[in-house]
$ cat model_15.cif   # mmCIF, C-alpha atoms
data_upload
loop_
_atom_site.group_PDB
_atom_site.id
_atom_site.type_symbol
_atom_site.label_atom_id
_atom_site.label_comp_id
_atom_site.auth_asym_id
_atom_site.auth_seq_id
_atom_site.Cartn_x
_atom_site.Cartn_y
_atom_site.Cartn_z
ATOM 1 C CA MET D 274 25.477 -2.838 -43.769
ATOM 2 C CA ASN D 275 23.775 0.461 -44.461
ATOM 3 C CA ILE D 276 26.680 2.823 -43.651
ATOM 4 C CA PRO D 277 24.730 6.140 -43.866
ATOM 5 C CA LYS D 278 22.029 4.775 -41.559
ATOM 6 C CA ALA D 279 24.704 3.494 -39.146
ATOM 7 C CA GLN D 280 26.383 6.922 -39.162
ATOM 8 C CA GLU D 281 23.078 8.572 -38.239
ATOM 9 C CA ALA D 282 22.567 6.087 -35.416
ATOM 10 C CA ILE D 283 26.052 6.730 -34.045
ATOM 11 C CA ALA D 284 25.497 10.479 -34.182
ATOM 12 C CA SER D 285 22.251 9.931 -32.242
ATOM 13 C CA LEU D 286 24.131 7.780 -29.736
ATOM 14 C CA LEU D 287 26.668 10.558 -29.160
ATOM 15 C CA ASP D 288 23.765 12.965 -28.665
ATOM 16 C CA ALA D 289 22.159 10.534 -26.209
ATOM 17 C CA PHE D 290 25.399 10.485 -24.199
ATOM 18 C CA GLU D 291 24.820 14.243 -23.887
ATOM 19 C CA LEU D 292 28.127 14.997 -25.546
ATOM 20 C CA LEU D 293 26.480 18.066 -26.982
ATOM 21 C CA GLU D 294 29.786 19.653 -27.905
ATOM 22 C CA TRP D 295 30.857 16.653 -29.997
ATOM 23 C CA ARG D 296 29.523 18.248 -33.181
ATOM 24 C CA GLU D 297 31.902 21.226 -32.759
ATOM 25 C CA ASP D 298 34.913 19.333 -31.407
ATOM 26 C CA GLU D 299 37.528 18.560 -34.110
ATOM 27 C CA ASN D 300 38.345 15.259 -32.382
ATOM 28 C CA PHE D 301 34.819 14.029 -33.143
ATOM 29 C CA LYS D 302 34.666 15.452 -36.671
ATOM 30 C CA ASP D 303 34.269 12.122 -38.488
ATOM 31 C CA THR D 304 33.531 9.849 -35.518
ATOM 32 C CA PRO D 305 30.123 8.591 -36.751
ATOM 33 C CA LYS D 306 31.686 7.743 -40.118
ATOM 34 C CA ARG D 307 34.720 6.046 -38.529
ATOM 35 C CA VAL D 308 32.635 4.007 -36.071
ATOM 36 C CA ALA D 309 30.234 2.858 -38.809
ATOM 37 C CA LYS D 310 33.207 1.821 -40.964
ATOM 38 C CA ALA D 311 34.872 0.025 -38.039
ATOM 39 C CA TYR D 312 31.720 -1.967 -37.292
ATOM 40 C CA SER D 313 31.260 -2.856 -40.952
ATOM 41 C CA GLU D 314 34.852 -4.169 -40.992
ATOM 42 C CA MET D 315 34.372 -6.112 -37.737
ATOM 43 C CA MET D 316 31.131 -7.645 -39.028
ATOM 44 C CA TYR D 317 32.128 -8.619 -42.566
ATOM 45 C CA GLY D 318 31.055 -12.127 -41.631
ATOM 46 C CA LEU D 319 27.450 -11.012 -42.144
ATOM 47 C CA SER D 320 28.122 -11.196 -45.876
ATOM 48 C CA GLU D 321 27.790 -14.499 -47.691
ATOM 49 C CA ILE D 322 30.654 -16.892 -46.955
ATOM 50 C CA GLU D 323 32.724 -18.048 -49.892
ATOM 51 C CA ASN D 324 30.900 -21.085 -51.198
ATOM 52 C CA HIS D 325 33.645 -22.423 -53.435
ATOM 53 C CA VAL D 326 35.578 -24.795 -51.197
ATOM 54 C CA VAL D 327 38.556 -26.250 -53.032
ATOM 55 C CA THR D 328 39.462 -29.816 -52.107
ATOM 56 C CA PHE D 329 42.186 -32.050 -53.445
ATOM 57 C CA PRO D 330 42.338 -35.855 -53.632
ATOM 58 C CA SER D 331 44.603 -37.341 -50.989
ATOM 59 C CA ASP D 332 45.308 -40.657 -49.298
ATOM 60 C CA TYR D 333 46.389 -38.837 -46.120
ATOM 61 C CA ASP D 334 44.362 -40.064 -43.163
ATOM 62 C CA GLY D 335 46.082 -38.381 -40.217
ATOM 63 C CA ILE D 336 45.196 -35.219 -38.346
ATOM 64 C CA ILE D 337 45.397 -31.883 -40.135
ATOM 65 C CA HIS D 338 45.745 -29.280 -37.405
ATOM 66 C CA PHE D 339 45.526 -25.475 -37.384
ATOM 67 C CA LYS D 340 46.557 -23.804 -34.142
ATOM 68 C CA ASP D 341 45.612 -20.345 -32.898
ATOM 69 C CA ILE D 342 43.775 -18.886 -35.881
ATOM 70 C CA CYS D 343 43.288 -15.282 -34.734
ATOM 71 C CA ALA D 344 39.841 -13.871 -35.440
ATOM 72 C CA VAL D 345 37.659 -11.042 -34.175
ATOM 73 C CA GLY D 346 33.947 -11.244 -33.545
ATOM 74 C CA VAL D 347 31.321 -9.151 -31.850
ATOM 75 C CA CYS D 348 29.238 -9.968 -28.788
ATOM 76 C CA PRO D 349 25.571 -10.022 -29.850
ATOM 77 C CA HIS D 350 24.492 -8.694 -26.446
ATOM 78 C CA HIS D 351 26.720 -5.598 -26.193
ATOM 79 C CA LEU D 352 28.263 -5.227 -29.684
ATOM 80 C CA LEU D 353 31.729 -5.232 -28.141
ATOM 81 C CA PRO D 354 34.678 -7.071 -29.709
ATOM 82 C CA ILE D 355 35.662 -10.633 -28.916
ATOM 83 C CA GLU D 356 39.228 -11.713 -29.669
ATOM 84 C CA TYR D 357 39.402 -15.373 -30.627
ATOM 85 C CA LYS D 358 42.155 -17.934 -30.927
ATOM 86 C CA ILE D 359 40.670 -20.891 -32.730
ATOM 87 C CA THR D 360 42.247 -24.314 -33.012
ATOM 88 C CA PHE D 361 40.799 -26.560 -35.692
ATOM 89 C CA ALA D 362 41.650 -30.111 -36.702
ATOM 90 C CA TYR D 363 40.149 -32.659 -39.027
ATOM 91 C CA ILE D 364 40.830 -36.146 -40.307
ATOM 92 C CA PRO D 365 40.074 -36.272 -44.038
ATOM 93 C CA THR D 366 38.236 -38.878 -46.060
ATOM 94 C CA ARG D 367 39.933 -39.106 -49.488
ATOM 95 C CA GLU D 368 40.001 -35.296 -49.919
ATOM 96 C CA VAL D 369 41.807 -32.455 -48.158
ATOM 97 C CA LEU D 370 40.845 -28.821 -48.118
ATOM 98 C CA GLY D 371 43.156 -26.169 -49.583
ATOM 99 C CA LEU D 372 45.170 -25.052 -46.551
ATOM 100 C CA SER D 373 44.541 -21.315 -46.910
ATOM 101 C CA LYS D 374 40.776 -21.889 -46.946
ATOM 102 C CA VAL D 375 40.518 -23.068 -43.341
ATOM 103 C CA PRO D 376 41.662 -19.837 -41.614
ATOM 104 C CA ARG D 377 39.859 -17.703 -44.197
ATOM 105 C CA ILE D 378 36.534 -19.496 -43.623
ATOM 106 C CA ILE D 379 36.909 -19.539 -39.834
ATOM 107 C CA LYS D 380 37.766 -15.821 -39.676
ATOM 108 C CA HIS D 381 34.764 -15.054 -41.874
ATOM 109 C CA MET D 382 32.442 -17.096 -39.659
ATOM 110 C CA ALA D 383 33.703 -15.296 -36.530
ATOM 111 C CA ALA D 384 33.398 -11.752 -37.917
ATOM 112 C CA ARG D 385 29.799 -11.059 -36.910
ATOM 113 C CA PRO D 386 27.633 -10.861 -33.812
ATOM 114 C CA VAL D 387 27.518 -14.477 -32.602
ATOM 115 C CA LEU D 388 27.731 -16.302 -29.289
ATOM 116 C CA GLN D 389 31.056 -18.096 -28.867
ATOM 117 C CA GLU D 390 29.205 -21.323 -28.083
ATOM 118 C CA ASP D 391 27.243 -21.087 -31.339
ATOM 119 C CA LEU D 392 30.327 -20.139 -33.365
ATOM 120 C CA THR D 393 32.160 -23.238 -32.113
ATOM 121 C CA LYS D 394 29.298 -25.500 -33.154
ATOM 122 C CA GLU D 395 28.764 -23.717 -36.503
ATOM 123 C CA ILE D 396 32.437 -24.142 -37.462
ATOM 124 C CA LYS D 397 32.172 -27.872 -36.758
ATOM 125 C CA GLU D 398 28.928 -28.224 -38.724
ATOM 126 C CA TYR D 399 30.176 -26.179 -41.693
ATOM 127 C CA PHE D 400 33.220 -28.395 -42.169
ATOM 128 C CA ILE D 401 31.228 -31.598 -41.605
ATOM 129 C CA HIS D 402 28.935 -30.508 -44.442
ATOM 130 C CA LYS D 403 31.745 -29.393 -46.782
ATOM 131 C CA LEU D 404 34.285 -32.173 -46.137
ATOM 132 C CA ALA D 405 32.469 -35.245 -44.783
ATOM 133 C CA PRO D 406 35.580 -35.979 -42.666
ATOM 134 C CA LYS D 407 36.255 -38.873 -40.315
ATOM 135 C CA GLY D 408 36.553 -36.391 -37.475
ATOM 136 C CA ILE D 409 36.588 -32.708 -36.552
ATOM 137 C CA ALA D 410 37.778 -30.897 -33.422
ATOM 138 C CA VAL D 411 37.175 -27.211 -32.786
ATOM 139 C CA LEU D 412 38.525 -25.394 -29.736
ATOM 140 C CA VAL D 413 37.710 -21.692 -29.398
ATOM 141 C CA LYS D 414 39.288 -19.395 -26.811
ATOM 142 C CA GLY D 415 37.718 -15.970 -26.528
ATOM 143 C CA ILE D 416 38.555 -12.795 -24.674
ATOM 144 C CA HIS D 417 35.244 -10.962 -24.468
ATOM 145 C CA GLY D 418 35.114 -7.174 -24.518
ATOM 146 C CA CYS D 419 31.681 -7.356 -22.899
ATOM 147 C CA MET D 420 33.413 -8.762 -19.811
ATOM 148 C CA LYS D 421 36.817 -7.104 -20.054
ATOM 149 C CA TYR D 422 35.589 -3.532 -20.546
ATOM 150 C CA ARG D 423 32.735 -3.754 -18.069
ATOM 151 C CA GLY D 424 34.886 -4.460 -15.015
ATOM 152 C CA ILE D 425 34.614 -8.247 -14.871
ATOM 153 C CA THR D 426 38.115 -9.566 -14.270
ATOM 154 C CA GLU D 427 37.481 -13.332 -14.200
ATOM 155 C CA PRO D 428 37.582 -15.370 -16.320
ATOM 156 C CA GLU D 429 39.896 -13.610 -18.716
ATOM 157 C CA GLU D 430 39.418 -16.264 -21.354
ATOM 158 C CA VAL D 431 36.450 -18.483 -22.166
ATOM 159 C CA THR D 432 36.995 -21.847 -23.890
ATOM 160 C CA THR D 433 34.452 -23.853 -25.869
ATOM 161 C CA VAL D 434 35.015 -27.193 -27.603
ATOM 162 C CA GLU D 435 33.108 -29.216 -30.210
ATOM 163 C CA LEU D 436 34.184 -32.720 -31.233
ATOM 164 C CA TYR D 437 32.870 -34.953 -34.000
ATOM 165 C CA GLY D 438 33.524 -38.441 -35.316
ATOM 166 C CA THR D 439 36.827 -40.028 -34.369
ATOM 167 C CA PHE D 440 37.720 -37.138 -32.047
ATOM 168 C CA MET D 441 34.595 -37.917 -30.047
ATOM 169 C CA GLU D 442 34.602 -41.699 -30.382
ATOM 170 C CA ILE D 443 38.263 -42.653 -29.995
ATOM 171 C CA PRO D 444 39.974 -41.451 -26.793
ATOM 172 C CA GLN D 445 43.483 -41.763 -28.317
ATOM 173 C CA THR D 446 42.530 -39.452 -31.200
ATOM 174 C CA ARG D 447 41.008 -36.927 -28.808
ATOM 175 C CA GLU D 448 44.138 -37.116 -26.640
ATOM 176 C CA GLU D 449 46.347 -36.580 -29.698
ATOM 177 C CA PHE D 450 44.339 -33.423 -30.545
ATOM 178 C CA TYR D 451 44.727 -32.031 -27.027
ATOM 179 C CA ASN D 452 48.455 -32.841 -27.080
ATOM 180 C CA LEU D 453 48.818 -30.799 -30.288
ATOM 181 C CA ILE D 454 47.431 -27.788 -28.453
#
$ encode --input "model_15.cif" --output "structure tokens"
Amino acid sequence: MNIPKAQEAIASLLDAFELLEWREDENFKDTPKRVAKAYSEMMYGLSEIENHVVTFPSDYDGIIHFKDICAVGVCPHHLLPIEYKITFAYIPTREVLGLSKVPRIIKHMAARPVLQEDLTKEIKEYFIHKLAPKGIAVLVKGIHGCMKYRGITEPEEVTTVELYGTFMEIPQTREEFYNLI
């Protein structure tokens, strides 16, 4: 992100709001700088995702489940925050992923302007490509600032789901995933 250019744009936005006194008000002294920094932090997912995925050999063939990974994204339509709780599960094929990598990768993927529906699918596809698992389940719950802060009270939370492999094909496996939630 070009921080100086973002700062200029935010200063122009404040001018456009006709907050003409903002330039003299101490409370706004570093607002363009702070807002640009905040957006760069919220959108760190625009940078290249860590490509070194560490896997370990394993004979484990059950579900590996991560519940409520907290992440923050940005609505691509309004640039307002989206608070996510992401549940992810996979069934490995001879290799398991280092446990700390899953939340780190998912948080990185969420931290950018992206539709929740697309994020859900992209998480599934990323891990299919990196792990070649027997199955993947991704459930994303989002509280969207673009709804919350614009006076829309329902729904408070939006849920999207992507299933792959055994989670899609075998009802008992899908049921086990939903029971873990």
$ resolve_selection --input "model_15.cif" --expression "the PyMOL selection byres ((chain D and resi 412) around 6)" --output "list in words"
Ile359, Thr360, Val411, Val413, Thr433 and Val434 of chain D
$ atom_distance --input "model_15.cif" --atom1 "atom CA of D:Lys380" --atom2 "atom CA of D:Glu427"
25.6 Å
$ resolve_selection --input "model_15.cif" --expression "the PyMOL selection byres ((chain D and resi 313) around 10)" --output "PyMOL selection string"
chain D and resi 274-276+279+307-312+314-319+384-385
$ closest_residue --input "model_15.cif" --among "D:Phe290, D:Phe450, D:Tyr357, D:Phe400" --to "D:Gly335" --atoms "all atoms listed in the file"
D:Phe450
$ residues_near_point --input "model_15.cif" --point "(42.5, -19.4, -41.2)" --cutoff "10 Å" --atoms "all atoms listed in the file" --output "ChimeraX atom specification"
/D:339-344,359-361,372-381
$ write_last_selection --input "model_15.cif" --atoms "C-alpha atoms" --output "JSON list (two decimals), in the coordinates of the input"
[["chain", "number", "residue", "atom", "x", "y", "z"],
["D", 339, "PHE", "CA", 45.53, -25.48, -37.38],
["D", 340, "LYS", "CA", 46.56, -23.80, -34.14],
["D", 341, "ASP", "CA", 45.61, -20.34, -32.90],
["D", 342, "ILE", "CA", 43.78, -18.89, -35.88],
["D", 343, "CYS", "CA", 43.29, -15.28, -34.73],
["D", 344, "ALA", "CA", 39.84, -13.87, -35.44],
["D", 359, "ILE", "CA", 40.67, -20.89, -32.73],
["D", 360, "THR", "CA", 42.25, -24.31, -33.01],
["D", 361, "PHE", "CA", 40.80, -26.56, -35.69],
["D", 372, "LEU", "CA", 45.17, -25.05, -46.55],
["D", 373, "SER", "CA", 44.54, -21.32, -46.91],
["D", 374, "LYS", "CA", 40.78, -21.89, -46.95],
["D", 375, "VAL", "CA", 40.52, -23.07, -43.34],
["D", 376, "PRO", "CA", 41.66, -19.84, -41.61],
["D", 377, "ARG", "CA", 39.86, -17.70, -44.20],
["D", 378, "ILE", "CA", 36.53, -19.50, -43.62],
["D", 379, "ILE", "CA", 36.91, -19.54, -39.83],
["D", 380, "LYS", "CA", 37.77, -15.82, -39.68],
["D", 381, "HIS", "CA", 34.76, -15.05, -41.87]]
$ residues_near_point --input "model_15.cif" --point "(41.0, -15.7, -28.9)" --cutoff "6 Å" --atoms "only C-alpha atoms" --output "ChimeraX atom specification"
/D:356-358,414-416
$ residues_around --input "model_15.cif" --residues "stretch 402-405 of chain D" --least-positions-apart "2" --cutoff "12 Å" --atoms "all atoms listed in the file" --output "PyMOL selection string"
chain D and resi 323-330+363-371+374-375+378+395-400+407-409+437-438
$ resolve_selection --input "model_15.cif" --expression "the PyMOL selection byres ((chain D and resi 346) around 6)" --output "PyMOL selection string"
chain D and resi 345+347+354-355+383-385
$ atom_distance --input "model_15.cif" --atom1 "atom CA of D:Met441" --atom2 "atom CA of D:Ser331"
23.2 Å
$ atom_distance --input "model_15.cif" --atom1 "atom CA of D:Ser285" --atom2 "atom CA of D:Pro386"
21.5 Å
$ axis_aligned_box --input "model_15.cif" --around "stretch 370-387 of chain D" --padding-each-side "3 Å" --output "lines of an AutoDock Vina configuration file"
center_x = 36.3
center_y = -19.8
center_z = -41.1
size_x = 23.7
size_y = 24.0
size_z = 23.0
$ residues_around --input "model_15.cif" --residues "D:Cys419" --least-positions-apart "4" --cutoff "12 Å" --atoms "all atoms listed in the file" --output "list in words"
Gly346, Val347, Cys348, Pro349, His350, His351, Leu352, Leu353, Pro354, Ile355, Glu356, Leu388, Gly415, Arg423, Gly424, Ile425, Thr426, Pro428, Glu429 and Glu430 of chain D
$ closest_residue --input "model_15.cif" --among "D:Ile322, D:Asp334, D:Gln389, D:Ala284" --to "D:Arg296" --atoms "all atoms listed in the file"
D:Ala284
$ closest_residue --input "model_15.cif" --among "D:Thr432, D:Tyr333, D:Lys302, D:Ala410" --to "D:Glu448" --atoms "all atoms listed in the file"
D:Ala410
$ decode --input "model_15.cif" --residues "stretch 358-406 of chain D" --atoms "C-alpha atoms" --output "CSV table (one decimal), in the first residue's frame"
chain,number,residue,atom,x,y,z
D,358,LYS,CA,-15.2,-16.5,12.9
D,359,ILE,CA,-14.0,-19.2,10.7
D,360,THR,CA,-14.3,-22.9,11.3
D,361,PHE,CA,-12.0,-25.2,9.2
D,362,ALA,CA,-11.6,-28.9,9.1
D,363,TYR,CA,-9.7,-31.4,7.0
D,364,ILE,CA,-9.1,-35.1,6.7
D,365,PRO,CA,-5.4,-35.6,5.8
D,366,THR,CA,-3.9,-38.0,3.3
D,367,ARG,CA,-0.5,-39.2,4.7
D,368,GLU,CA,0.5,-35.6,5.7
D,369,VAL,CA,-0.7,-33.1,8.2
D,370,LEU,CA,-0.1,-29.4,8.2
D,371,GLY,CA,1.8,-27.7,11.1
D,372,LEU,CA,-1.1,-26.6,13.4
D,373,SER,CA,-0.1,-23.0,13.7
D,374,LYS,CA,-0.1,-22.6,9.9
D,375,VAL,CA,-3.9,-23.0,9.5
D,376,PRO,CA,-5.0,-19.9,11.5
D,377,ARG,CA,-2.1,-17.9,10.2
D,378,ILE,CA,-3.0,-18.7,6.6
D,379,ILE,CA,-6.7,-18.2,7.1
D,380,LYS,CA,-6.3,-14.8,8.8
D,381,HIS,CA,-4.0,-13.7,6.0
D,382,MET,CA,-6.5,-14.7,3.4
D,383,ALA,CA,-9.3,-12.8,5.1
D,384,ALA,CA,-7.3,-9.5,5.7
D,385,ARG,CA,-8.2,-7.8,2.4
D,386,PRO,CA,-11.2,-6.6,0.5
D,387,VAL,CA,-13.0,-9.8,-0.5
D,388,LEU,CA,-16.6,-11.0,-0.6
D,389,GLN,CA,-17.3,-13.5,2.2
D,390,GLU,CA,-18.6,-16.0,-0.4
D,391,ASP,CA,-15.3,-15.8,-2.3
D,392,LEU,CA,-13.2,-16.0,0.8
D,393,THR,CA,-15.0,-19.2,1.9
D,394,LYS,CA,-14.3,-20.8,-1.5
D,395,GLU,CA,-10.7,-19.5,-1.7
D,396,ILE,CA,-9.8,-21.0,1.7
D,397,LYS,CA,-11.2,-24.4,0.5
D,398,GLU,CA,-9.3,-24.3,-2.8
D,399,TYR,CA,-6.0,-23.1,-1.2
D,400,PHE,CA,-5.9,-26.1,1.2
D,401,ILE,CA,-7.0,-28.5,-1.5
D,402,HIS,CA,-4.0,-27.4,-3.6
D,403,LYS,CA,-1.5,-27.4,-0.7
D,404,LEU,CA,-2.6,-30.6,1.1
D,405,ALA,CA,-4.5,-32.8,-1.4
D,406,PRO,CA,-6.7,-34.0,1.6
